[in-house]
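First comes the structure, then the notes that go with it.
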Amino acid sequence: MLKKFTFLALLLMAALTGSTQPDFTANDKVPAYPSPFGYGSNMGYYPPWQDGQLADIAAGNAARNIKGVGVTTLRPAIFAHFLEQWGYDIRVDAFQHYAQLGVKDNVIFIGYPNQAQQDTTHYCPTYQSALFANMYTDIWDDGANGTPVNDENYYALFLYKMLMKYKDYGLVWEIWNEPDFDHSGNSLKPPGEPGSWWDNNPDPCDYDIHAPIFHYIRLLRISYEVIKTYSPDSYIAVGGIGFPSFLDALLRNTDHPVDGSVSDDFPLRGGAYFDMLSFHVYPHIDNSMRKWNNERGAFDYSRHSDAAAASVVSRKGEFEAVLQKYRYDGSDYPAKPYIITECNIPRKAFGEFIGSEEAQRNFLMKTLVKVQQADIKQFHVYQLGEMKPVQQANNEFFLMGLYENLPETQPYKQIPTGSGVAYKTMSDLLYGLRYDEQQTADLLLPDAVGGAAFVDTNNAPTYVLWAKTRRDQSELTTTQYTFPSILNVNSMTVKEWDFSAKPDSLIVEGARLQLLGSPVIVRTQSKPNSPSNSGGDEEQSALFRCFPNPYTDSVNIIFKLRKESKVNLAVYDLEGQAVHEFLQATTLPGGLHQYRFDQKVQPGLYLVKLQINDQEFTEKVVKVYGE
């Protein structure tokens with residue numbers, strides 16, 4: 001448990017600050033996440049732009065007629081060395097401005113001492129520790145110096161003074177940025193290899209903090225004690241990490257300064273001192289888009305937006321497996337929510353990396369869908385502005401912004417990139433909606449189609465749909481998708497990626513939609529007097545779809561029953577003759593049912609008829625010659 005206070009100390013703290021230290025850790029409870037999914041951005045540094053101006057073009061400023069790029073939450077930084085030099089009030093005006101713009105749920109990453117407060121120890125012979133000195137002195141001193149914290153514990157003092165100014169402006173306190181930034185390659189080694197972080201604690205020479213991992217856990221522990229005292233409903237997040245092996249090391253060690261072992265003074269391992277997992281993922285450099293082919297003696301690549309977006313969610317799964325290993329999954333300990341605080345691919349190819357304007361735009365749109373499906377609470381694009389003109393960029397990280405070349409752009413003369421336009425379109429049309437697993441399942445999406453359903457407070461759906469990309473270095477793809485007939489789609493309004501810049505909608509009659517690799521946002525209208533318009537007829541019992549269509553060898557017939565029903569299913573030719581009967585007055589349970597029609601029939605048009613109790617549904621399928 002956390003360090004206990006005497007009754008007198010608790011009274012003194014309450015008198016000084018109106019707050020008392022919590023008697024819980026993240027092993028006991030984690031706050032319920034209170035807000036809609038956050039469309040976030042890293043702010044970056046682009047002189048002569050000021051932070052307030054950057055927030056204007058991120059979130060929009062109605063008073064200045066600035067549209068922004070759909071950002072609803074920001075990831076600014078508060079560094080100890082900066083506040084110590086310029087005063088703790090220096091950024092209050094900027095944070096007040098963020099709030100006035102409607103930006104909320106900010107992730108504020110913190111740390112970074114000045115030279116006088118930095119640990120001078122060389123745990124790595126080449127580099128001094130990057131962390132604070134005196135972290136192992138007492139965190140609290142019962143108000144002996146006029147503050148509840150021990151002023152000799154520089155990090156605790158920084159947190160206290162900072163929170164007195166900024167605690168109302170942050171929902172998530174991210175402890176350091178990329179503390180596991182690895183220079184050794186040991187983070188990527190599998191268990192059993194020499195130096196692997198899965199089996200060995202990181203050597204201080206391996207990574208940027210240049211200190212034992214126990215010291216980073218101590219940083220988390222101090223953060224938890226102090227921040228939860230003054231902002232108990234906010235989140236302590238492990239700081240934008242990139243490697244599951246580092247998370248494993250955090251969860252198997254305490255903050256014991258010698259060996260990370262459990263003792264009376266250091267009773268809990270690292271998982272007790274953070275509520276939320278914040279991670280970074282850059283699919284173009286994490287080897288997720290290539291696989292070694294032994295037969296060819298070369299890599300097979302899948303450099304397209306669907307593979308890149310899938311790798312983001314895959315990385316979340318890797319972290320989740322580690323948390324489950326240590327029972328942070330709601331079993332022994334509360335599950336921890338996830339956020340992504342840096343992610344993107346470049347809009348220009350460098351070396352073997354993926355990179356194009358269309359790939360970047362499609363990647364961001366698809367990823368915004370997939371991370372919500374994976375219950376990730378915020379996504380922060382890296383970053384707000386590009387760092388160089390496209391022709392002069394010699395590094396892929398220079399071309400990851402939502403605006404073109406901000407360092408050479410005067411304030412309020414900004415030009416959004418295609419990704420910036422697409423990001424705003426997604427935020428404008430989806431912010432405040434929630435991902436709906438059931439209505440997504442009801443779409444019966446074939447393998448060639450990606451997408452999801454999002455619903456408002458009335459459960460009315462908005463769909464995001466696209467044709468999945470398959471070919472290396474190509475975003476060119478197309479397929480047809482037809483809404484299941486039971487949804488009674490009569491027409492649809494289709495908005496493309498640039499809707500936020502060109503607010504034109506395409507009205508499509510019927511239920512069939514031609515999809516490309518670039519996602520579209522779709523709202524449907526039902527047929528007049530259809531059961532879906534009648535307030536939920538209990539006899540509306542199925543979802544019905546046949547694919548692929550047209551087909552060459554076989555067609556899959558899928559339907560979903562909402563309850564136990566009597567079913568007939570058969571395929572007919574155009575003369576009304578039954579070609580094949582699957583079911584005759586057969587009672588089936590509620591749920592998903594699938595059949596395959598692969599009879600040898602002549603090419604042409606056939607009718608698949610599904611009867612559920614007294615309702616009949618028909619889908620047309622076309623048999624074509626194979627190639």
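Within each chain, counting starts at residue 1; across the structure tokens, chains are named A, B, ... in the order shown, with ligands numbered 1 upward in that order.
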Using only C-alpha atoms, which protein or nucleic acid residues come within 10 Å of Glu152 in chain A? Drop anything in the same chain fewer than 6 positions from it, and give the result as number ranges by chain.
A: 117, 133-141, 145
Export of the given selection (N, CA, C and O atoms) as a PDB file, in the first residue's frame:
ATOM      1  N   GLN A 117      18.471  19.984 -10.739  1.00  0.00           N
ATOM      2  CA  GLN A 117      17.604  18.969 -10.141  1.00  0.00           C
ATOM      3  C   GLN A 117      17.865  17.575 -10.702  1.00  0.00           C
ATOM      4  O   GLN A 117      17.250  16.614 -10.266  1.00  0.00           O
ATOM      5  N   ALA A 133      17.059  13.961  -9.402  1.00  0.00           N
ATOM      6  CA  ALA A 133      17.787  13.580  -8.190  1.00  0.00           C
ATOM      7  C   ALA A 133      16.807  13.475  -7.022  1.00  0.00           C
ATOM      8  O   ALA A 133      15.698  14.008  -7.065  1.00  0.00           O
ATOM      9  N   ASN A 134      17.249  12.777  -5.987  1.00  0.00           N
ATOM     10  CA  ASN A 134      16.542  12.733  -4.698  1.00  0.00           C
ATOM     11  C   ASN A 134      15.161  12.074  -4.781  1.00  0.00           C
ATOM     12  O   ASN A 134      14.300  12.333  -3.928  1.00  0.00           O
ATOM     13  N   MET A 135      14.936  11.227  -5.769  1.00  0.00           N
ATOM     14  CA  MET A 135      13.613  10.604  -5.865  1.00  0.00           C
ATOM     15  C   MET A 135      13.368   9.613  -4.736  1.00  0.00           C
ATOM     16  O   MET A 135      12.205   9.277  -4.449  1.00  0.00           O
ATOM     17  N   TYR A 136      14.427   9.138  -4.100  1.00  0.00           N
ATOM     18  CA  TYR A 136      14.246   8.163  -3.029  1.00  0.00           C
ATOM     19  C   TYR A 136      14.227   8.802  -1.646  1.00  0.00           C
ATOM     20  O   TYR A 136      14.210   8.091  -0.638  1.00  0.00           O
ATOM     21  N   THR A 137      14.222  10.130  -1.579  1.00  0.00           N
ATOM     22  CA  THR A 137      13.899  10.780  -0.311  1.00  0.00           C
ATOM     23  C   THR A 137      12.395  10.688  -0.107  1.00  0.00           C
ATOM     24  O   THR A 137      11.633  10.366  -1.026  1.00  0.00           O
ATOM     25  N   ASP A 138      11.940  10.977   1.121  1.00  0.00           N
ATOM     26  CA  ASP A 138      10.514  10.899   1.400  1.00  0.00           C
ATOM     27  C   ASP A 138       9.733  11.805   0.453  1.00  0.00           C
ATOM     28  O   ASP A 138      10.182  12.903   0.094  1.00  0.00           O
ATOM     29  N   ILE A 139       8.566  11.347   0.062  1.00  0.00           N
ATOM     30  CA  ILE A 139       7.712  12.143  -0.830  1.00  0.00           C
ATOM     31  C   ILE A 139       7.016  13.250  -0.047  1.00  0.00           C
ATOM     32  O   ILE A 139       6.834  14.361  -0.544  1.00  0.00           O
ATOM     33  N   TRP A 140       6.647  12.987   1.181  1.00  0.00           N
ATOM     34  CA  TRP A 140       5.878  13.926   1.996  1.00  0.00           C
ATOM     35  C   TRP A 140       6.671  14.275   3.254  1.00  0.00           C
ATOM     36  O   TRP A 140       7.438  13.453   3.761  1.00  0.00           O
ATOM     37  N   ASP A 141       6.451  15.503   3.770  1.00  0.00           N
ATOM     38  CA  ASP A 141       7.163  15.872   5.005  1.00  0.00           C
ATOM     39  C   ASP A 141       6.249  16.555   6.014  1.00  0.00           C
ATOM     40  O   ASP A 141       6.713  17.301   6.884  1.00  0.00           O
ATOM     41  N   ASN A 145       8.019  22.444   5.168  1.00  0.00           N
ATOM     42  CA  ASN A 145       8.550  23.562   4.389  1.00  0.00           C
ATOM     43  C   ASN A 145       7.450  24.462   3.822  1.00  0.00           C
ATOM     44  O   ASN A 145       7.691  25.233   2.909  1.00  0.00           O
TER      45      ASN A 145
END
List every residue of range 558-624 of chain A that has an atom at most 12 Å from any atom of range 480-488 of chain A, giving for each one its closest atom pair and the distance in Å to one decimal, counting only C-alpha atoms, sorted by chain and then by ascending residue number, as a Markdown table.
| residue | atom | partner | partner_atom | distance |
| --- | --- | --- | --- | --- |
| A:Ile558 | CA | A:Pro484 | CA | 9.8 |
| A:Phe559 | CA | A:Pro484 | CA | 9.1 |
| A:Lys560 | CA | A:Ile486 | CA | 9.9 |
| A:Leu561 | CA | A:Ile486 | CA | 10.9 |
| A:Arg562 | CA | A:Ile486 | CA | 11.8 |
| A:Val608 | CA | A:Ser485 | CA | 11.8 |
| A:Lys609 | CA | A:Ser485 | CA | 11.5 |
| A:Leu610 | CA | A:Ile486 | CA | 10.8 |
| A:Gln611 | CA | A:Ile486 | CA | 11.8 |
| A:Ile612 | CA | A:Ile486 | CA | 11.4 |
| A:Gln615 | CA | A:Ile486 | CA | 10.4 |
| A:Glu616 | CA | A:Ile486 | CA | 9.9 |
| A:Phe617 | CA | A:Ser485 | CA | 7.3 |
| A:Thr618 | CA | A:Ser485 | CA | 7.9 |
| A:Glu619 | CA | A:Ser485 | CA | 7.5 |
| A:Lys620 | CA | A:Ser485 | CA | 10.6 |
| A:Val621 | CA | A:Thr482 | CA | 11.7 |
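For Asn395 in chain A, the non-local neighbours within 12 Å, defined as residues at least 5 positions apart in the same chain or in other chains and counting only C-alpha atoms, are Ile345, Pro346, Arg347, Lys348, Ala349, Phe350, Gly351, Phe353, Gly355, Glu386, Met387, Lys388, Pro389, Val390 and Met400 of chain A.
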Take the residues that were just selected and, keeping N, CA, C and O atoms, output them as a tab-separated table (two decimals), in the first residue's frame.
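New file result-v3.tsv:
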chain	number	residue	atom	x	y	z
A	345	ILE	N	2.01	7.55	-40.74
A	345	ILE	CA	2.95	7.14	-41.78
A	345	ILE	C	3.23	8.38	-42.63
A	345	ILE	O	2.44	9.32	-42.63
A	346	PRO	N	4.33	8.43	-43.35
A	346	PRO	CA	4.66	9.64	-44.13
A	346	PRO	C	3.86	9.75	-45.41
A	346	PRO	O	3.34	8.76	-45.93
A	347	ARG	N	3.77	10.96	-45.95
A	347	ARG	CA	3.06	11.14	-47.22
A	347	ARG	C	4.02	11.17	-48.41
A	347	ARG	O	3.64	11.56	-49.52
A	348	LYS	N	5.24	10.74	-48.18
A	348	LYS	CA	6.21	10.57	-49.24
A	348	LYS	C	7.07	9.35	-48.89
A	348	LYS	O	7.41	9.15	-47.73
A	349	ALA	N	7.37	8.53	-49.88
A	349	ALA	CA	8.15	7.33	-49.62
A	349	ALA	C	9.62	7.66	-49.41
A	349	ALA	O	10.20	8.44	-50.17
A	350	PHE	N	10.23	7.07	-48.38
A	350	PHE	CA	11.66	7.17	-48.14
A	350	PHE	C	12.21	5.76	-48.06
A	350	PHE	O	11.76	4.95	-47.24
A	351	GLY	N	13.19	5.46	-48.89
A	351	GLY	CA	13.75	4.12	-48.89
A	351	GLY	C	12.69	3.09	-49.18
A	351	GLY	O	11.89	3.23	-50.11
A	353	PHE	N	10.21	2.42	-47.17
A	353	PHE	CA	9.02	2.68	-46.39
A	353	PHE	C	7.83	3.01	-47.28
A	353	PHE	O	7.98	3.55	-48.38
A	355	GLY	N	4.72	5.32	-48.33
A	355	GLY	CA	4.59	6.77	-48.29
A	355	GLY	C	3.96	7.33	-49.54
A	355	GLY	O	4.51	7.21	-50.62
A	386	GLU	N	3.69	19.60	-40.78
A	386	GLU	CA	4.91	19.09	-41.37
A	386	GLU	C	6.06	20.04	-41.09
A	386	GLU	O	5.87	21.24	-40.87
A	387	MET	N	7.27	19.49	-41.13
A	387	MET	CA	8.44	20.25	-40.73
A	387	MET	C	9.22	20.83	-41.91
A	387	MET	O	10.05	21.73	-41.73
A	388	LYS	N	8.99	20.34	-43.13
A	388	LYS	CA	9.74	20.77	-44.30
A	388	LYS	C	8.81	20.78	-45.51
A	388	LYS	O	7.79	20.09	-45.53
A	389	PRO	N	9.17	21.53	-46.56
A	389	PRO	CA	8.48	21.35	-47.83
A	389	PRO	C	8.73	19.93	-48.34
A	389	PRO	O	9.78	19.33	-48.06
A	390	VAL	N	7.79	19.40	-49.09
A	390	VAL	CA	7.90	18.01	-49.55
A	390	VAL	C	9.20	17.79	-50.31
A	390	VAL	O	9.90	16.79	-50.10
A	400	MET	N	4.63	14.26	-41.67
A	400	MET	CA	3.55	13.56	-40.98
A	400	MET	C	2.52	14.51	-40.40
A	400	MET	O	1.78	14.14	-39.48
Ranking A:Arg91, A:Lys424, A:Lys377, A:Arg471 by minimum distance to Gly52 in chain A and counting only C-alpha atoms, which one comes first?
A:Arg91
Can you work out which one of A:Tyr423, A:Tyr435, A:Trp86, A:Phe547 has the shortest atom-to-atom distance to Lys370 in chain A, counting only C-alpha atoms?
A:Tyr435
Backbone-only DSSP, strand (DSSP E) members of range 371-562 of chain A, as a ChimeraX atom specification
/A:376-381,434-435,449-455,461-467,478-482,489-495,506-509,512-516,520-526,542-547,555-561
Counting only C-alpha atoms, the residue of A:Ile175, A:Leu476, A:Met426, A:Ala249 that sits nearest Phe454 in chain A
A:Met426
Can you list, as a PyMOL selection string, every protein, DNA or RNA residue that comes within 8 Å of Cys124 in chain A when you count only C-alpha atoms, leaving out same-chain residues fewer than 4 positions away?
chain A and resi 128-129+203-205+210-211
Export, as a JSON list (two decimals), in the first residue's frame, the selected residues with all heavy atoms.
[["chain", "number", "residue", "atom", "x", "y", "z"],
["A", 128, "GLN", "N", 24.87, 10.46, -18.12],
["A", 128, "GLN", "CA", 24.26, 10.76, -16.84],
["A", 128, "GLN", "C", 22.79, 10.38, -16.87],
["A", 128, "GLN", "O", 22.14, 10.44, -17.90],
["A", 128, "GLN", "CB", 24.41, 12.27, -16.58],
["A", 128, "GLN", "CG", 23.75, 12.80, -15.32],
["A", 128, "GLN", "CD", 23.90, 14.32, -15.23],
["A", 128, "GLN", "OE1", 24.70, 14.93, -15.93],
["A", 128, "GLN", "NE2", 23.12, 14.93, -14.36],
["A", 129, "SER", "N", 22.24, 9.99, -15.74],
["A", 129, "SER", "CA", 20.81, 9.72, -15.65],
["A", 129, "SER", "C", 20.02, 10.93, -16.12],
["A", 129, "SER", "O", 20.38, 12.09, -15.86],
["A", 129, "SER", "CB", 20.42, 9.40, -14.20],
["A", 129, "SER", "OG", 19.01, 9.39, -14.05],
["A", 203, "ASP", "N", 19.45, -2.44, -19.54],
["A", 203, "ASP", "CA", 20.69, -1.81, -19.08],
["A", 203, "ASP", "C", 20.54, -0.30, -19.23],
["A", 203, "ASP", "O", 19.98, 0.18, -20.21],
["A", 203, "ASP", "CB", 21.86, -2.30, -19.93],
["A", 203, "ASP", "CG", 23.19, -1.83, -19.39],
["A", 203, "ASP", "OD1", 23.53, -0.63, -19.63],
["A", 203, "ASP", "OD2", 23.90, -2.62, -18.77],
["A", 204, "PRO", "N", 21.00, 0.50, -18.26],
["A", 204, "PRO", "CA", 20.88, 1.96, -18.39],
["A", 204, "PRO", "C", 21.48, 2.51, -19.68],
["A", 204, "PRO", "O", 21.08, 3.60, -20.12],
["A", 204, "PRO", "CB", 21.60, 2.49, -17.16],
["A", 204, "PRO", "CG", 21.40, 1.40, -16.14],
["A", 204, "PRO", "CD", 21.49, 0.12, -16.93],
["A", 205, "CYS", "N", 22.43, 1.81, -20.29],
["A", 205, "CYS", "CA", 22.98, 2.27, -21.56],
["A", 205, "CYS", "C", 22.06, 1.95, -22.73],
["A", 205, "CYS", "O", 22.27, 2.46, -23.84],
["A", 205, "CYS", "CB", 24.34, 1.63, -21.81],
["A", 205, "CYS", "SG", 25.65, 2.18, -20.69],
["A", 210, "HIS", "N", 18.61, 6.38, -19.24],
["A", 210, "HIS", "CA", 19.95, 6.10, -18.71],
["A", 210, "HIS", "C", 19.96, 5.89, -17.20],
["A", 210, "HIS", "O", 20.84, 6.38, -16.49],
["A", 210, "HIS", "CB", 20.92, 7.23, -19.08],
["A", 210, "HIS", "CG", 21.03, 7.45, -20.56],
["A", 210, "HIS", "ND1", 21.34, 6.45, -21.45],
["A", 210, "HIS", "CD2", 20.84, 8.58, -21.31],
["A", 210, "HIS", "CE1", 21.35, 6.93, -22.67],
["A", 210, "HIS", "NE2", 21.05, 8.20, -22.63],
["A", 211, "ALA", "N", 18.96, 5.16, -16.74],
["A", 211, "ALA", "CA", 18.83, 4.86, -15.31],
["A", 211, "ALA", "C", 18.19, 3.49, -15.17],
["A", 211, "ALA", "O", 17.56, 2.98, -16.11],
["A", 211, "ALA", "CB", 17.98, 5.92, -14.62]]
Measure the distance from CA of Leu163 in chain A to CA of Ala80 in chain A in Å and round it to one decimal.
11.8 Å
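In this structure, CA of Leu250 in chain A sits 21.4 Å away from CA of Thr121 in chain A.
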